[in-house]
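S.K.: Okay, here's the structure, questions in a sec.
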Amino acid sequence: MMDLLKIDKIRQYKTRQGFVKRIVQEHYLREDVPCNSELCLAGCRQTANCVVPADVTHYLLPDCQTASDYLDILELPELIGIVFLQTVLHHVRHSSGKRSYQRLYNKVKDMRSRCTVFANEFCHYAYCSREPGEDHVQWQFRVVYESAVWYYNHLAGQKPIVLLTENEKVIEEYGSRTAGVYVLSIGNYLNMFWPDLNQALDIYESLKASLAEVESQSKGSSKEYTEYLPMDVLSAGIKSGRYIDGAIRVNRHHAQEEAFVSRNIRSSDQKSDVLIAGRKNRNRAVDGDIVVVELLPQAEWTGRIISLKAAGSDDVGSEKSESMPCGRVVGILQRNWRDYVVSLPDDLEQQTGGGQSDKILVIPWDYSIPKIRISTRHALQLKDQRIVVRIDSWETDSMFPNGHFVRSLGTIGDLETEIAAVLVEKNLSVGPFSEGLLKEMPENTEQNPWVMDEDEVKKRRDLRRSHLIFSIDPKGCEDVDDTLSVRKLKNGRIELGVHIADVTYFVKPDSLTDLEARSRSTTVYLADRRYDMLPEILSAQLCSLIGGVDRYAVSVVWQLDPNTYEVIKVWYGRTVIRSAYKMFYEAAQSLHDGKQVKDDIPELDGLDAATVDKKLVELKWCVDKLMDIARHLKARRVVGGAVQLEGEEVKVELNEEQEIEDLVPKQTMEIHETIAECMIFANHWVAKKIAEAFSTSALLRHHPLPRQDQFQELLYCAKAKGYTIDTSSNKALADSLDKCIDSNDPLYNRILRSLATKAMSNALYFSTGSLPRDQFFHYGLALDRYTHFTSPIRRYADVIVHRQLLAAVEEEDSNSLHLPSNKDLQQLSGHINTKHRASQNAQRDSQVLFQAMYFRDRDSTTDERCIVDAVVHNLRANGLLVFIPRYGIKGALYLKDKEGLVCDASSPGKTPTWVPGTLEWSEFSITVSTSTCKTTFKLFDHITVRISVQQARSHASSLRFDLVANQPHKKDESIGVQNTSLKTDIIQEVLGESEDKTSTASIYDNQDILGADFPELKKQYGQTNKSVSLYHLLQHLQEMGLEESADGS
C-alpha cells in the first residue's frame, strides 16, 4: 500500500467583521496519482473515463486565469488533448462560479473531447506549497508550471506540453526555462497551431477587447447600479425570510419596464409573483438568472402594465393593474448567460464614428435581453448579418453588459439564417453526427443488408406468426416506433399489445451514439424540417417498425376482461415482430366507418378479391376492438378527473410549384385518440413496473398541481357568460369545463379549454428518489404513475425507461446496464427537461417564422386569405387580444395608437379610421367613443380583422392584426363548428403520442425559395433524407400558444 505524506495546509481569510482567520488543514500527498494519459509508461491506474490521447501533436495546459477568461475557446471541439489541473478547476469554481465550472466539467466528461483532469494537488512531486510573502497569482502559476514540468517528465518527454497564459511577465520568466514545456499566450498559440481556425481567432480578439473594457470601467467612479450583497448575507436573508430567491422572468412585451420573480409559496396566494419594475430595480439581472430579491415598502408597490405595446415601439402605456408586491434585486445566485443572437444597429456608422471605434451596442433577437456592448474590428462586414455573442460581465458603472463576438450565422432574412437563429436562441445543437459515432452504426446496404442475430432471436418472444401486428401513423411517416396488436384468446379474454422499437439493442450505454442522444435528448421538429436524435440508419431503417420486415421490439401485452376491459394479467419483455400493415390514420378511420379502403392499404395490392375481403374483415375487427378498448380506457381516466382540453392544428396546402397555398385546420379523427390512449396506457403500466422495481431511481413524469393564481384569466372569461369554474381538483375542473357551453358559439368552450391548458404547470421528468411518493401523480391525465416509453427513437427519456424496464423484468444486473443512480438520474432529468422545453419553444418560433413567410408576400387589402374572422378572448386598456380560428393563432389588435387616436369602425362597409376619441373599459367590454358615436366590443364577440406582416430587422417578423369591421366575417362563420365533439387530453400527450410523428410536406425542394446553397446546407445539417421527412408545415399551430405546458403530459 502506498504511503501517504501528511502536510499542513494553511489558509487565511477575512471575516465580515474584518478579522483575519487562520485555518490549518491536514493535506495528504501520494505518489500514485494517475496521469490519465495513453502515453503513460509508469503503469498509472486510470481512474477517469476520459484520458488524453497519444495521437495529438502536444498536450495543452491552461493556467487558472486562462481557463476562467477564455473558456469559450477551450470549449471548441477542435481543441482536444487538454489537461485541466485540479488547481485550475478550483480557481474556476471559486472565481467564475458554478456555471463556468459546469461548462469546464462537461468538456472533460464528454469523451469526444479527449480531455482529462490531473489531481496535481495530491501528487507528491507536483505539489507546491506557497512560499512566505508570495503573491497568490504568482503561486498559482508556479503550481501550474511545476505540474506541467512533472507531467512532461512523467511521460518521458514523449509529448511536448504547451502551457497557456495571458500574463506577459510569466511568459518572459518561464518561457524558456524547461525544454519541452512551452509557455505561450493564447494569441500566439492560435496563430502557430490553429491559423485557419477563424472562429477561435475572432473569439480571442473579442474576448480580449471585452476584458480590457471591463478593466477600464473598473477604474471609473460613477455607478449606474448598486453592488450586490455578499453571499453570506444573501444566504442568511433567504433563510430568515427577509429575501426571496427565484428565477427572474422578463416581460418581453415590456422588457425595459417589467420583470417578475415567483415566490416559493405553497398556498393559494393570488399574488405569489414579485414585480421588479424598471431597470434600476432589476440591477443587472438578465432573463433566467437566479436572483435574490428584497421586497420594497408597500407604499412603493405598483401594478403591472395592462396596455398593449406594439413590437419595436418604445411607447409604454400608463394603464396599470392594481398594485402587487414589488421588489429590487440585491444579489445573483446563478447567472443564466448563454449564446445570444444579435444584429448590429442601423446607425452603425454613427455609433462607431465612421468606423473609427470598434465598440458597438448590438441588439438581441430576444426582446427580453438588453443591448450588449461588444468589440469587433469587422463591424462593416457584419452589418447585415445575424451574429452570436456571449455576455462576459456587467459592471455597476455600465448601463449595458459587456460581451464578445462568437460567430456569424449568415445574412439577415435568409431562411437558413433565421432557422439557425431559432436553434441558437434555444441552445439546441443539431450539427451532423460525428464520424466516430457513424462508425458504431450497423451496416445496411443492398450489397450487405442487416440481418437479425439468431442467438438474439432465441432470447426473445417471437410474435411473427402468432400475432396480427400493424401500425397506424400519419401520411409520410417512415420512422415507425410503435405498433399494436389485439386478438381474442381461447379462454375468452382479449389480448392487447403495444410493441415499441427496441432502440436499446443498438444504442449501448456510454457509447458515442448514447452520449450524443443524451446530449440532444430529443428529436427537434421545426416547421419545415426535423433534426433527429439518432442517425437515420436507426431512426428510419433498423429501428423503424415498417411493414413486412422483421424487427426487434420491447412489448407490453395485457390480458383484458372481454366485457369491462379490466386488466387481468400483464407481460413485459423483448420480442421479435413483423408488422403486417402500415396504415395511415385516414385509412384506419375509413375502415372503421365501413368505407372502401382497399386502395389505401398497399399490403393488399395483388391479392384476389376473396383474400382481400377476408383480410379486411380481420383487420376491421382489430381496429374496431382497439377503438372500443380506447373508449373504455379514456372513460376511466375522465371519471378519475382527466382534464380534457382543446387544441388547434393547422396543415399547409401547396400548389404545383411547392409554394404555400393555404393554411387549413386539420380535422381530428377518433382514431387519433385511439392510438394516443393505447400509448398512454402503455406508459402508465411501464411507469408502475419501473417504480416498483426501482423505488428511488425510476424515471417518471410528474405533472404537478397548477397554481391557483394561474386560473384567473379562465375564471374571468367564464364569468363573462355567467359560468363558474371550480379549480379545486382536476375532476372539478373537468366537470366545470363540460358545463360551459354556448349553443350559439362552439368556439367559447374551446377557448376556455385552451385557457385551462395555459394555466397548467409544466410536466417534468424526475427520479423517484427526489420526490415523495404522493407527488408522483400526473394531474392532467389523472394517473398515479406516468412515464414515457413509447417513443425511444425521438426521446432519450424513453431509452432510459426501456433499460430500466428490461432490468426489472429480466432480472439483469443493473450495473451491466449502466442504470443511473438517483443523483445522476435527477441531474439527467433536468437536462432532458431543459432540452425538451427548448425543442418545443424552437418549434413554436419556427411556426411564427413561417406564419410571417406565408403572409409576407400577400396584399392584405385584397387577398381574401388575409381577411378573417376573429374572436375577442381578452381585453386590454388600449385594445383587444383575439383568436383567429381560421389559422389557430392569437394576437393583439389595437384600438388606440400612441398618438391617442382611436379606431372608429362604426360605419358598416367602410374602412375603419383613426380619429380623436377615448376608450372606456368595463369588466367584460371596451367602448370606443368618438364625437359621433360609440362602438362596444364585448368578450367573445366575433369581429373581422386583417392580417399583415410587421417586419423587424433585429428581431423575428411578427403578424399584425387590424380591425376591418366589428361584425363577424361571413366566410368564416362556420369555422370552429366542425369536430367540436372531439376533445383531446393534454395536447402534447395526446397529439404528442398519436401525432408525435406529425407529417410535414417537403415543400422546400425549390431553390428559388431557399437559395442556391440550400442543398449543400441540408446535406450538412439535415439528418433526415427529404424523402422520409414529410412533416406538415406549421404543425401544431395551437390556439392556446402554450409552448410545453400542454405537454403536460
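Residues are named by chain letter and number: chains run A, B, ... in the order of the C-alpha cells, numbers start at 1 in each chain, and ligands are numbered from 1 in the order shown.
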Residues near range 669-684 of chain A, anyone? I mean within 7 Å using only C-alpha atoms, not counting same-chain ones fewer than 2 positions away, as a PDB file with N, CA, C and O atoms, in the first residue's frame.
M.R.:
```pdb
ATOM      1  N   VAL A 498     -48.895  -3.547 -27.133  1.00  0.00           N
ATOM      2  CA  VAL A 498     -48.214  -2.353 -27.653  1.00  0.00           C
ATOM      3  C   VAL A 498     -46.748  -2.731 -27.825  1.00  0.00           C
ATOM      4  O   VAL A 498     -46.091  -3.161 -26.862  1.00  0.00           O
ATOM      5  N   VAL A 556     -45.426  -4.610 -24.384  1.00  0.00           N
ATOM      6  CA  VAL A 556     -46.279  -4.739 -23.205  1.00  0.00           C
ATOM      7  C   VAL A 556     -47.569  -5.394 -23.692  1.00  0.00           C
ATOM      8  O   VAL A 556     -48.217  -4.886 -24.611  1.00  0.00           O
ATOM      9  N   TYR A 585     -53.771   7.173 -40.690  1.00  0.00           N
ATOM     10  CA  TYR A 585     -54.939   7.471 -39.866  1.00  0.00           C
ATOM     11  C   TYR A 585     -56.221   7.479 -40.695  1.00  0.00           C
ATOM     12  O   TYR A 585     -57.260   6.941 -40.284  1.00  0.00           O
ATOM     13  N   GLN A 589     -59.487   5.094 -40.024  1.00  0.00           N
ATOM     14  CA  GLN A 589     -60.789   5.676 -39.686  1.00  0.00           C
ATOM     15  C   GLN A 589     -61.848   5.270 -40.708  1.00  0.00           C
ATOM     16  O   GLN A 589     -62.981   4.926 -40.352  1.00  0.00           O
ATOM     17  N   LEU A 626     -59.904  -2.094 -30.992  1.00  0.00           N
ATOM     18  CA  LEU A 626     -58.994  -1.102 -30.422  1.00  0.00           C
ATOM     19  C   LEU A 626     -59.739   0.158 -30.026  1.00  0.00           C
ATOM     20  O   LEU A 626     -59.517   0.718 -28.942  1.00  0.00           O
ATOM     21  N   MET A 627     -60.617   0.631 -30.894  1.00  0.00           N
ATOM     22  CA  MET A 627     -61.349   1.861 -30.605  1.00  0.00           C
ATOM     23  C   MET A 627     -62.285   1.675 -29.425  1.00  0.00           C
ATOM     24  O   MET A 627     -62.452   2.579 -28.593  1.00  0.00           O
ATOM     25  N   ALA A 630     -60.136   1.698 -26.322  1.00  0.00           N
ATOM     26  CA  ALA A 630     -59.662   3.053 -26.044  1.00  0.00           C
ATOM     27  C   ALA A 630     -60.757   3.910 -25.416  1.00  0.00           C
ATOM     28  O   ALA A 630     -60.490   4.719 -24.519  1.00  0.00           O
ATOM     29  N   LYS A 634     -60.264   5.655 -21.787  1.00  0.00           N
ATOM     30  CA  LYS A 634     -60.396   7.094 -21.588  1.00  0.00           C
ATOM     31  C   LYS A 634     -61.505   7.424 -20.606  1.00  0.00           C
ATOM     32  O   LYS A 634     -61.369   8.337 -19.775  1.00  0.00           O
ATOM     33  N   GLN A 667     -58.516  18.223 -39.418  1.00  0.00           N
ATOM     34  CA  GLN A 667     -59.628  17.574 -38.755  1.00  0.00           C
ATOM     35  C   GLN A 667     -59.118  16.462 -37.839  1.00  0.00           C
ATOM     36  O   GLN A 667     -58.250  15.692 -38.213  1.00  0.00           O
ATOM     37  N   VAL A 686     -45.958   0.770 -17.693  1.00  0.00           N
ATOM     38  CA  VAL A 686     -44.493   0.701 -17.583  1.00  0.00           C
ATOM     39  C   VAL A 686     -44.030   1.529 -16.389  1.00  0.00           C
ATOM     40  O   VAL A 686     -43.120   1.119 -15.649  1.00  0.00           O
ATOM     41  N   ALA A 687     -44.648   2.688 -16.179  1.00  0.00           N
ATOM     42  CA  ALA A 687     -44.293   3.521 -15.025  1.00  0.00           C
ATOM     43  C   ALA A 687     -44.514   2.767 -13.726  1.00  0.00           C
ATOM     44  O   ALA A 687     -43.688   2.822 -12.804  1.00  0.00           O
ATOM     45  N   LYS A 688     -45.637   2.056 -13.630  1.00  0.00           N
ATOM     46  CA  LYS A 688     -45.912   1.278 -12.418  1.00  0.00           C
ATOM     47  C   LYS A 688     -44.844   0.210 -12.198  1.00  0.00           C
ATOM     48  O   LYS A 688     -44.392  -0.014 -11.069  1.00  0.00           O
ATOM     49  N   ARG A 785     -49.175   7.103 -11.731  1.00  0.00           N
ATOM     50  CA  ARG A 785     -47.810   6.929 -12.225  1.00  0.00           C
ATOM     51  C   ARG A 785     -47.819   7.138 -13.737  1.00  0.00           C
ATOM     52  O   ARG A 785     -48.728   6.676 -14.434  1.00  0.00           O
ATOM     53  N   TYR A 786     -46.807   7.805 -14.223  1.00  0.00           N
ATOM     54  CA  TYR A 786     -46.723   8.014 -15.674  1.00  0.00           C
ATOM     55  C   TYR A 786     -45.260   8.193 -16.076  1.00  0.00           C
ATOM     56  O   TYR A 786     -44.450   8.714 -15.308  1.00  0.00           O
ATOM     57  N   THR A 787     -44.940   7.725 -17.265  1.00  0.00           N
ATOM     58  CA  THR A 787     -43.594   7.929 -17.805  1.00  0.00           C
ATOM     59  C   THR A 787     -43.694   7.979 -19.321  1.00  0.00           C
ATOM     60  O   THR A 787     -44.801   7.959 -19.887  1.00  0.00           O
ATOM     61  N   HIS A 788     -42.568   8.051 -19.993  1.00  0.00           N
ATOM     62  CA  HIS A 788     -42.537   7.994 -21.454  1.00  0.00           C
ATOM     63  C   HIS A 788     -41.751   6.753 -21.878  1.00  0.00           C
ATOM     64  O   HIS A 788     -40.570   6.627 -21.575  1.00  0.00           O
ATOM     65  N   PHE A 789     -42.444   5.868 -22.584  1.00  0.00           N
ATOM     66  CA  PHE A 789     -41.877   4.594 -23.000  1.00  0.00           C
ATOM     67  C   PHE A 789     -42.014   4.367 -24.508  1.00  0.00           C
ATOM     68  O   PHE A 789     -41.247   3.613 -25.101  1.00  0.00           O
ATOM     69  N   THR A 790     -42.950   5.051 -25.146  1.00  0.00           N
ATOM     70  CA  THR A 790     -43.406   4.673 -26.481  1.00  0.00           C
ATOM     71  C   THR A 790     -42.681   5.346 -27.639  1.00  0.00           C
ATOM     72  O   THR A 790     -43.007   5.062 -28.787  1.00  0.00           O
ATOM     73  N   VAL A 990     -51.652  13.739 -26.014  1.00  0.00           N
ATOM     74  CA  VAL A 990     -52.490  13.054 -26.983  1.00  0.00           C
ATOM     75  C   VAL A 990     -51.958  13.244 -28.390  1.00  0.00           C
ATOM     76  O   VAL A 990     -51.610  12.297 -29.072  1.00  0.00           O
ATOM     77  N   GLU A 993     -48.514  11.811 -28.626  1.00  0.00           N
ATOM     78  CA  GLU A 993     -48.343  10.376 -28.764  1.00  0.00           C
ATOM     79  C   GLU A 993     -48.897   9.875 -30.100  1.00  0.00           C
ATOM     80  O   GLU A 993     -48.296   9.060 -30.765  1.00  0.00           O
ATOM     81  N   SER A 994     -50.067  10.395 -30.485  1.00  0.00           N
ATOM     82  CA  SER A 994     -50.656   9.893 -31.718  1.00  0.00           C
ATOM     83  C   SER A 994     -50.125  10.586 -32.941  1.00  0.00           C
ATOM     84  O   SER A 994     -50.091  10.024 -34.016  1.00  0.00           O
TER      85      SER A 994
END
```
S.K.: Name all residues at most 12 Å from Ser907 in chain A (count only C-alpha atoms; drop same-chain ones fewer than 3 positions away) and give them as a ChimeraX atom specification.
M.R.: /A:903-904,910-913,932-935,964-967
S.K.: Mind checking DSSP for range 731-842 of chain A and telling me the strand (DSSP E) residues as number ranges by chain?
M.R.: A: 764-767
S.K.: Kindly indicate which residue among A:Cys622, A:Leu60, A:Cys717, A:Ile793 lies nearest to Phe506 in chain A, using only C-alpha atoms for the distances.
M.R.: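 Ranked by minimum distance to Phe506 in chain A, first place goes to A:Ile793.
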S.K.: Write out as a PyMOL selection string which residues come within 9 Å of Lys320 in chain A when counting only C-alpha atoms, dropping same-chain ones fewer than 2 positions away.
M.R.: chain A and resi 302-307+317-318+322-323+877
S.K.: With DSSP run on the backbone, what are the helix (DSSP H, G or I) residues within range 718-914 of chain A? I'd like them as number ranges by chain.
M.R.: A: 718-719, 730-739, 747-759, 773-775, 796-810, 822-856, 864-866
S.K.: Could you save the residues just selected, with C-alpha atoms, as a compact mmCIF listing (two decimals), in the first residue's frame?
M.R.:
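Resulting contents of result08.txt:
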```
# COMPACT_ATOMS: atom_id res chain seq x y z
CA ALA A 718 -66.11 32.01 -17.73
CA LYS A 719 -67.70 34.71 -15.58
CA ASN A 730 -58.70 18.07 -11.82
CA LYS A 731 -62.07 16.30 -11.58
CA ALA A 732 -63.85 19.51 -10.58
CA LEU A 733 -62.14 21.45 -13.34
CA ALA A 734 -63.07 18.87 -15.98
CA ASP A 735 -66.72 18.82 -14.85
CA SER A 736 -66.89 22.61 -14.83
CA LEU A 737 -65.50 22.89 -18.35
CA ASP A 738 -68.05 20.37 -19.62
CA LYS A 739 -70.85 22.67 -18.42
CA LEU A 747 -65.67 28.33 -30.01
CA TYR A 748 -66.46 29.54 -26.50
CA ASN A 749 -65.84 26.15 -24.88
CA ARG A 750 -62.72 25.59 -26.95
CA ILE A 751 -61.23 28.90 -25.86
CA LEU A 752 -61.98 28.16 -22.22
CA ARG A 753 -60.20 24.81 -22.56
CA SER A 754 -57.20 26.50 -24.12
CA LEU A 755 -57.08 28.93 -21.19
CA ALA A 756 -57.25 25.98 -18.78
CA THR A 757 -54.31 24.43 -20.62
CA LYS A 758 -52.39 27.69 -20.34
CA ALA A 759 -52.86 27.64 -16.57
CA ARG A 773 -44.44 9.20 -3.30
CA ASP A 774 -47.59 11.31 -3.04
CA GLN A 775 -46.10 13.66 -5.64
CA TYR A 796 -33.86 9.89 -24.77
CA ALA A 797 -36.06 9.58 -21.68
CA ASP A 798 -37.74 6.59 -23.32
CA VAL A 799 -34.34 4.97 -23.88
CA ILE A 800 -33.61 5.19 -20.13
CA VAL A 801 -37.08 3.82 -19.35
CA HIS A 802 -36.54 0.87 -21.72
CA ARG A 803 -33.30 -0.01 -19.93
CA GLN A 804 -34.98 0.20 -16.54
CA LEU A 805 -37.94 -1.91 -17.68
CA LEU A 806 -35.69 -4.62 -19.12
CA ALA A 807 -33.61 -4.66 -15.95
CA ALA A 808 -36.79 -5.03 -13.92
CA VAL A 809 -38.34 -7.89 -15.90
CA GLU A 810 -35.22 -9.82 -16.92
CA ASN A 822 -30.93 8.72 -8.09
CA LYS A 823 -28.50 11.65 -8.06
CA ASP A 824 -27.33 11.08 -11.63
CA LEU A 825 -30.87 10.45 -12.85
CA GLN A 826 -32.17 13.65 -11.31
CA GLN A 827 -29.37 15.59 -12.97
CA LEU A 828 -30.14 13.87 -16.27
CA SER A 829 -33.85 14.62 -15.81
CA GLY A 830 -33.06 18.31 -15.51
CA HIS A 831 -31.07 18.18 -18.74
CA ILE A 832 -33.84 16.31 -20.59
CA ASN A 833 -36.49 18.72 -19.29
CA THR A 834 -34.44 21.67 -20.50
CA LYS A 835 -33.89 20.20 -23.95
CA HIS A 836 -37.49 19.09 -24.28
CA ARG A 837 -38.78 22.57 -23.45
CA ALA A 838 -36.20 24.17 -25.74
CA SER A 839 -37.35 21.91 -28.57
CA GLN A 840 -40.98 22.88 -28.01
CA ASN A 841 -40.08 26.58 -27.98
CA ALA A 842 -37.98 26.22 -31.12
CA GLN A 843 -40.91 24.54 -32.85
CA ARG A 844 -43.17 27.42 -31.80
CA ASP A 845 -40.70 30.06 -33.01
CA SER A 846 -40.24 28.32 -36.35
CA GLN A 847 -44.00 28.29 -36.78
CA VAL A 848 -44.09 32.04 -36.13
CA LEU A 849 -41.37 32.42 -38.74
CA PHE A 850 -43.38 30.54 -41.35
CA GLN A 851 -46.59 32.32 -40.45
CA ALA A 852 -44.82 35.55 -41.34
CA MET A 853 -43.50 33.94 -44.55
CA TYR A 854 -47.00 32.87 -45.52
CA PHE A 855 -48.49 36.36 -45.21
CA ARG A 856 -45.40 38.37 -46.18
CA GLU A 864 -59.18 37.08 -49.06
CA ARG A 865 -56.87 34.85 -47.02
CA CYS A 866 -55.78 37.93 -45.07
```
S.K.: Can you list, as a list in words, every protein, DNA or RNA residue that comes within 6 Å of Asp358 in chain A when you count only C-alpha atoms, leaving out same-chain residues fewer than 4 positions away?
M.R.: Ser375, Thr376 and Arg377 of chain A
S.K.: Given only C-alpha atoms as the basis, pick out the residue of A:Lys625, A:Lys383, A:Arg487, A:Lys475 nearest to Phe584 in chain A.
M.R.: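 For Phe584 in chain A, the nearest of the given residues is A:Lys475.
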S.K.: Could you tell me which of A:Lys208, A:His27, A:Arg407, A:Lys458 comes closest to Tyr70 in chain A if we count only C-alpha atoms?
M.R.: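 Result for the nearest residue to Tyr70 in chain A: A:Lys208.
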